[in-house]
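Participant: Take this structure, written in structure tokens, and hold onto it; I'll ask about it next.
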Amino acid sequence: MSTQQASTLVPASTHPYGVVDDLVEQGALDLDCDERLWVPQADGVVFRPLAFSVSQGYFINILRIRKTGFVSRHRHAGPVHAFTLRGRWHYPEHDWWAEQGTYVFEPPGDVHTLEIPEGVEEMATLFHVTGGYIYVDEAGNPVGIEDVFSKLERARTHYAANGLGADYVDRLIR
Ligand code: FE
């Protein structure tokens, strides 16, 4: 269907009342974007947020890791979709490896430990995370939590400090 036909059939004025704004992020998969967009998460770990769904309780971000070894052990309360863009990683609890181009579904309830192998200078993976995940220690005891609100606060704080401005995150919130 051509653009002209589409605009004739579905004029903007027919959108139902209450529809929220669409969200468009140009260059979303550009890993060499403005470095200020990368928000510190932990030592050697940063993320670039793409969407904060405060109304549906999920977030989408690219996690970029420049260190090897174990990163975090966690349990998911909701489903996760992961698309590996660069490098490789795995969870030693499972027998597969995520390579560049690999898609992974992580089911709710899964407990696993993110590990980056020796020789990987940079891993970058787009994660779509619903609900929260709970950081756990080796005994499985909860030691922290991450969700759309904790990610949003990290980003706001970082962007306020680096000049982008705290409100830079607002266009990613739905
Ligand atoms: Fe996970």
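In the structure tokens, each chain is lettered A, B, ... as it comes, each chain's residues begin at 1, and ligands are numbered from 1 in order of appearance.
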Around ligand 1, which protein and nucleic acid residues have at least one atom no more than 10 Å from it, if we count only C-alpha atoms and all ligand atoms? List them as a ChimeraX atom specification.
Facilitator: /A:72-76,79-82,90-91,104-114,127,129,133-135
Participant: Write a file of the just-selected residues containing N, CA and C atoms, as a CSV table (one decimal), in the first residue's frame.
Facilitator:
```csv
chain,number,residue,atom,x,y,z
A,72,SER,N,26.6,-10.6,36.6
A,72,SER,CA,25.6,-10.6,37.7
A,72,SER,C,24.8,-11.9,37.6
A,73,ARG,N,24.4,-12.3,38.8
A,73,ARG,CA,23.4,-13.5,38.9
A,73,ARG,C,22.1,-12.9,39.2
A,74,HIS,N,21.1,-13.4,38.5
A,74,HIS,CA,19.8,-12.8,38.7
A,74,HIS,C,18.6,-13.7,38.4
A,75,ARG,N,17.5,-13.4,38.9
A,75,ARG,CA,16.3,-14.2,38.6
A,75,ARG,C,15.2,-13.2,38.0
A,76,HIS,N,14.6,-13.7,36.9
A,76,HIS,CA,13.7,-12.9,36.2
A,76,HIS,C,12.3,-13.1,36.7
A,79,PRO,N,9.3,-12.1,31.4
A,79,PRO,CA,10.0,-12.5,30.2
A,79,PRO,C,11.0,-11.5,29.7
A,80,VAL,N,12.1,-12.1,29.0
A,80,VAL,CA,13.1,-11.2,28.5
A,80,VAL,C,13.4,-11.7,27.0
A,81,HIS,N,13.5,-10.7,26.1
A,81,HIS,CA,13.9,-11.0,24.8
A,81,HIS,C,15.3,-10.3,24.5
A,82,ALA,N,16.3,-11.1,24.1
A,82,ALA,CA,17.6,-10.6,23.9
A,82,ALA,C,18.1,-10.8,22.5
A,90,HIS,N,27.1,-15.9,27.6
A,90,HIS,CA,26.3,-17.1,28.0
A,90,HIS,C,26.0,-17.1,29.5
A,91,TYR,N,25.1,-18.0,29.8
A,91,TYR,CA,24.8,-18.3,31.2
A,91,TYR,C,25.3,-19.7,31.5
A,104,VAL,N,17.6,-14.6,22.0
A,104,VAL,CA,17.4,-15.5,23.1
A,104,VAL,C,16.1,-15.1,23.8
A,105,PHE,N,15.2,-16.0,24.2
A,105,PHE,CA,14.1,-15.8,25.1
A,105,PHE,C,14.5,-16.3,26.4
A,106,GLU,N,14.4,-15.4,27.5
A,106,GLU,CA,14.6,-15.9,28.8
A,106,GLU,C,13.3,-15.9,29.6
A,107,PRO,N,12.9,-17.1,30.0
A,107,PRO,CA,11.6,-17.3,30.6
A,107,PRO,C,11.5,-16.7,32.0
A,108,PRO,N,10.3,-16.2,32.5
A,108,PRO,CA,10.2,-15.8,33.8
A,108,PRO,C,10.6,-17.0,34.8
A,109,GLY,N,11.2,-16.6,35.9
A,109,GLY,CA,11.6,-17.6,36.9
A,109,GLY,C,13.0,-18.1,36.7
A,110,ASP,N,13.6,-17.9,35.5
A,110,ASP,CA,14.9,-18.4,35.2
A,110,ASP,C,15.9,-17.7,36.1
A,111,VAL,N,16.9,-18.4,36.7
A,111,VAL,CA,17.9,-17.9,37.5
A,111,VAL,C,19.2,-18.2,36.7
A,112,HIS,N,20.0,-17.1,36.4
A,112,HIS,CA,21.3,-17.4,35.7
A,112,HIS,C,22.3,-16.3,35.9
A,113,THR,N,23.5,-16.6,35.5
A,113,THR,CA,24.7,-15.7,35.8
A,113,THR,C,25.3,-15.3,34.5
A,114,LEU,N,25.2,-14.0,34.2
A,114,LEU,CA,25.8,-13.5,32.9
A,114,LEU,C,27.3,-13.6,33.0
A,127,PHE,N,18.3,-5.8,25.1
A,127,PHE,CA,17.4,-6.6,26.0
A,127,PHE,C,16.0,-5.9,26.1
A,129,VAL,N,13.1,-6.2,28.6
A,129,VAL,CA,12.9,-6.8,29.9
A,129,VAL,C,11.5,-6.4,30.5
A,133,TYR,N,14.0,-7.8,37.5
A,133,TYR,CA,14.8,-8.9,37.8
A,133,TYR,C,15.5,-8.7,39.1
A,134,ILE,N,15.7,-9.8,39.8
A,134,ILE,CA,16.2,-9.7,41.2
A,134,ILE,C,17.6,-10.2,41.2
A,135,TYR,N,18.5,-9.4,41.6
A,135,TYR,CA,19.9,-9.9,41.8
A,135,TYR,C,20.0,-10.8,43.0
```
Participant: Check the DSSP output for the backbone and give back, as a list in words, the residues of stretch 34-160 of chain A in alpha helix (DSSP H).
Facilitator: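 DSSP on the backbone gives alpha helix (DSSP H) at Val148, Phe149, Ser150, Lys151, Leu152, Glu153, Arg154, Ala155, Arg156, Thr157, His158, Tyr159 and Ala160 of chain A.
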Participant: Please indicate the distance in Å from atom CA of A:Phe59 to atom CA of A:Tyr103, rounded to one decimal place.
Facilitator: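 The value is 17.1 Å.
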Participant: Restricting the calculation to only C-alpha atoms: of A:Gln100, A:Thr84, A:Gln41, A:Gln56, which residue gets closest to A:Val71?
Facilitator: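 Distance minimum relative to A:Val71 lands on A:Gln41.
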Participant: Which one is closest to A:Tyr168: A:Arg64, A:Arg88, A:His15, A:Arg36? Count only C-alpha atoms.
Facilitator: A:Arg36
Participant: With only C-alpha atoms as the basis for distance, which of A:Ala77, A:Met123, A:Leu85, A:Ala28 is at the shortest distance from A:Ala51?
Facilitator: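 Counting only C-alpha atoms, the residue closest to A:Ala51 is A:Ala28.
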Participant: Would you pick out the contacts of stretch 137-148 of chain A at 8 Å or less, using only C-alpha atoms, so that residues sharing its chain but fewer than 4 positions from it are not included, and give the list as a list in words?
Facilitator: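 Final neighbour list, sorted by chain and number: Phe52, Ser53, Val54, Gly57, Tyr58, Phe59, Arg73, Gly131, Gly132, Tyr133 and Leu152 of chain A.
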Participant: Restrict the selected residues to N, CA, C and O atoms and save them as a compact mmCIF listing (two decimals), in the first residue's frame.
Facilitator:
```txt
# COMPACT_ATOMS: atom_id res chain seq x y z
N PHE A 52 11.22 3.29 27.96
CA PHE A 52 10.83 3.07 29.36
C PHE A 52 9.30 2.94 29.38
O PHE A 52 8.59 3.96 29.32
N SER A 53 8.79 1.74 29.46
CA SER A 53 7.34 1.57 29.51
C SER A 53 6.90 1.52 30.96
O SER A 53 6.79 0.45 31.57
N VAL A 54 6.62 2.71 31.49
CA VAL A 54 6.16 2.79 32.88
C VAL A 54 4.71 2.31 33.01
O VAL A 54 4.26 1.95 34.09
N GLY A 57 5.27 -1.71 32.41
CA GLY A 57 6.27 -2.33 33.26
C GLY A 57 7.36 -3.08 32.53
O GLY A 57 7.77 -4.16 32.94
N TYR A 58 7.86 -2.49 31.44
CA TYR A 58 9.02 -3.10 30.78
C TYR A 58 9.98 -2.02 30.33
O TYR A 58 9.62 -0.82 30.30
N PHE A 59 11.20 -2.41 30.02
CA PHE A 59 12.14 -1.47 29.44
C PHE A 59 12.92 -2.17 28.33
O PHE A 59 13.05 -3.39 28.32
N ARG A 73 24.36 -12.32 38.79
CA ARG A 73 23.45 -13.46 38.88
C ARG A 73 22.09 -12.89 39.22
O ARG A 73 21.96 -12.03 40.10
N GLY A 131 8.74 -6.61 33.56
CA GLY A 131 8.77 -6.81 35.01
C GLY A 131 10.12 -6.42 35.56
O GLY A 131 10.78 -5.52 35.05
N GLY A 132 10.54 -7.09 36.61
CA GLY A 132 11.84 -6.77 37.18
C GLY A 132 12.72 -7.99 37.19
O GLY A 132 12.28 -9.10 36.87
N TYR A 133 13.98 -7.76 37.48
CA TYR A 133 14.80 -8.92 37.80
C TYR A 133 15.47 -8.68 39.14
O TYR A 133 15.73 -7.54 39.54
N LEU A 152 15.24 3.95 34.76
CA LEU A 152 14.87 5.33 34.44
C LEU A 152 15.60 6.30 35.37
O LEU A 152 16.12 7.34 34.93
```
Participant: For A:Lys67, list every protein, DNA or RNA residue within 10 Å, evaluated using only C-alpha atoms, and leave out those in the same chain fewer than 6 positions away; present the list as a list in words.
Facilitator: Asp43, Gly44, Val45, Glu115, Ile116, Pro117, Glu118, Gly119, Val120, Glu121, Glu122 and Met123 of chain A
Participant: Take the residues that were just selected and, keeping all heavy atoms, output them as a compact mmCIF listing (two decimals), in the first residue's frame.
Facilitator:
```
# COMPACT_ATOMS: atom_id res chain seq x y z
N ASP A 43 30.63 -1.62 37.23
CA ASP A 43 32.00 -1.53 36.73
C ASP A 43 32.11 -2.23 35.37
O ASP A 43 31.86 -3.43 35.27
CB ASP A 43 32.95 -2.17 37.73
CG ASP A 43 34.40 -2.03 37.29
OD1 ASP A 43 34.75 -0.99 36.72
OD2 ASP A 43 35.17 -3.00 37.49
N GLY A 44 32.44 -1.46 34.33
CA GLY A 44 32.59 -2.04 32.99
C GLY A 44 31.28 -2.30 32.27
O GLY A 44 31.29 -2.87 31.17
N VAL A 45 30.17 -1.88 32.86
CA VAL A 45 28.86 -2.15 32.28
C VAL A 45 28.08 -0.84 32.12
O VAL A 45 27.95 -0.08 33.08
CB VAL A 45 28.03 -3.11 33.17
CG1 VAL A 45 26.69 -3.42 32.51
CG2 VAL A 45 28.81 -4.38 33.47
N GLU A 115 27.89 -14.27 31.96
CA GLU A 115 29.35 -14.39 31.89
C GLU A 115 29.83 -14.01 30.50
O GLU A 115 29.29 -14.47 29.49
CB GLU A 115 29.82 -15.81 32.21
CG GLU A 115 31.34 -15.92 32.21
CD GLU A 115 31.85 -17.32 32.53
OE1 GLU A 115 31.10 -18.29 32.35
OE2 GLU A 115 33.02 -17.43 32.96
N ILE A 116 30.85 -13.15 30.46
CA ILE A 116 31.51 -12.76 29.21
C ILE A 116 32.83 -13.51 29.15
O ILE A 116 33.65 -13.40 30.07
CB ILE A 116 31.78 -11.23 29.15
CG1 ILE A 116 30.54 -10.43 29.61
CG2 ILE A 116 32.23 -10.83 27.76
CD1 ILE A 116 29.31 -10.64 28.79
N PRO A 117 33.07 -14.27 28.08
CA PRO A 117 34.29 -15.08 28.03
C PRO A 117 35.54 -14.26 27.75
O PRO A 117 35.46 -13.15 27.20
CB PRO A 117 34.00 -16.06 26.88
CG PRO A 117 33.09 -15.30 25.97
CD PRO A 117 32.23 -14.44 26.87
N GLU A 118 36.67 -14.82 28.09
CA GLU A 118 37.95 -14.20 27.79
C GLU A 118 38.06 -13.98 26.27
O GLU A 118 37.56 -14.78 25.48
CB GLU A 118 39.10 -15.11 28.24
CG GLU A 118 39.24 -15.22 29.74
CD GLU A 118 39.62 -13.88 30.39
OE1 GLU A 118 40.39 -13.11 29.75
OE2 GLU A 118 39.14 -13.61 31.50
N GLY A 119 38.68 -12.87 25.87
CA GLY A 119 38.87 -12.60 24.45
C GLY A 119 37.80 -11.70 23.84
O GLY A 119 37.97 -11.22 22.72
N VAL A 120 36.70 -11.50 24.55
CA VAL A 120 35.65 -10.60 24.05
C VAL A 120 35.93 -9.19 24.58
O VAL A 120 35.86 -8.95 25.78
CB VAL A 120 34.25 -11.06 24.50
CG1 VAL A 120 33.19 -10.02 24.11
CG2 VAL A 120 33.92 -12.40 23.87
N GLU A 121 36.27 -8.29 23.67
CA GLU A 121 36.59 -6.93 24.11
C GLU A 121 35.33 -6.13 24.42
O GLU A 121 35.34 -5.25 25.29
CB GLU A 121 37.41 -6.20 23.04
CG GLU A 121 38.81 -6.78 22.87
CD GLU A 121 39.67 -5.96 21.93
OE1 GLU A 121 39.18 -4.92 21.42
OE2 GLU A 121 40.82 -6.36 21.71
N GLU A 122 34.26 -6.45 23.68
CA GLU A 122 33.01 -5.73 23.90
C GLU A 122 31.83 -6.62 23.57
O GLU A 122 31.80 -7.24 22.51
CB GLU A 122 32.96 -4.45 23.05
CG GLU A 122 31.66 -3.68 23.22
CD GLU A 122 31.64 -2.41 22.38
OE1 GLU A 122 32.42 -1.49 22.71
OE2 GLU A 122 30.88 -2.33 21.41
N MET A 123 30.87 -6.65 24.48
CA MET A 123 29.60 -7.32 24.22
C MET A 123 28.52 -6.27 24.23
O MET A 123 28.50 -5.38 25.09
CB MET A 123 29.34 -8.36 25.31
CG MET A 123 27.96 -9.01 25.23
SD MET A 123 26.65 -8.01 25.96
CE MET A 123 25.97 -9.15 27.13
```
Participant: Give me the residues of stretch 26-141 of chain A that have any atom at most 10 Å from an atom of stretch 158-167 of chain A; for each, the nearest atom pair and the distance in Å, rounded to one decimal. Use only C-alpha atoms, sort by chain and number, and format it as a tab-separated table.
Facilitator:
```
residue	atom	partner	partner_atom	distance
A:Arg36	CA	A:Asn162	CA	6.8
A:Leu37	CA	A:Tyr159	CA	7.7
A:Trp38	CA	A:His158	CA	8.8
A:Val39	CA	A:His158	CA	6.2
A:Pro40	CA	A:His158	CA	7.7
```
Participant: With the cut-off set at 10 Å and counting only C-alpha atoms, tabulate each residue of stretch 54-163 of chain A with an atom at most that distance from an atom of stretch 29-35 of chain A, showing the nearest atom pair and its distance in Å to one decimal, ordered by chain and increasing number, as a Markdown table.
Facilitator:
```
| residue | atom | partner | partner_atom | distance |
| --- | --- | --- | --- | --- |
| A:Ile62 | CA | A:Leu29 | CA | 8.2 |
| A:Arg64 | CA | A:Leu31 | CA | 8.7 |
| A:Leu85 | CA | A:Leu29 | CA | 8.2 |
| A:Arg86 | CA | A:Leu31 | CA | 9.0 |
| A:Ala124 | CA | A:Leu31 | CA | 7.9 |
| A:Thr125 | CA | A:Leu29 | CA | 9.8 |
| A:Leu126 | CA | A:Leu29 | CA | 8.5 |
```
Participant: Counting only C-alpha atoms, which of A:Val24, A:Thr157, A:His128, A:Phe149 gets nearest to A:Asn61?
Facilitator: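 Result for the nearest residue to A:Asn61: A:His128.
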Participant: Of the candidates A:Ala155, A:Asp21, A:Gly27, A:Thr130, which shows the shortest atom-to-atom distance to A:Ile60, using only C-alpha atoms?
Facilitator: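 So, comparing all the options, the nearest one is A:Thr130.
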Participant: Mind checking which residues fall within 10 Å of A:Leu23, counting only C-alpha atoms, ignoring those fewer than 6 positions away in the same chain, and posting them as a count of residues only?
Facilitator: 6
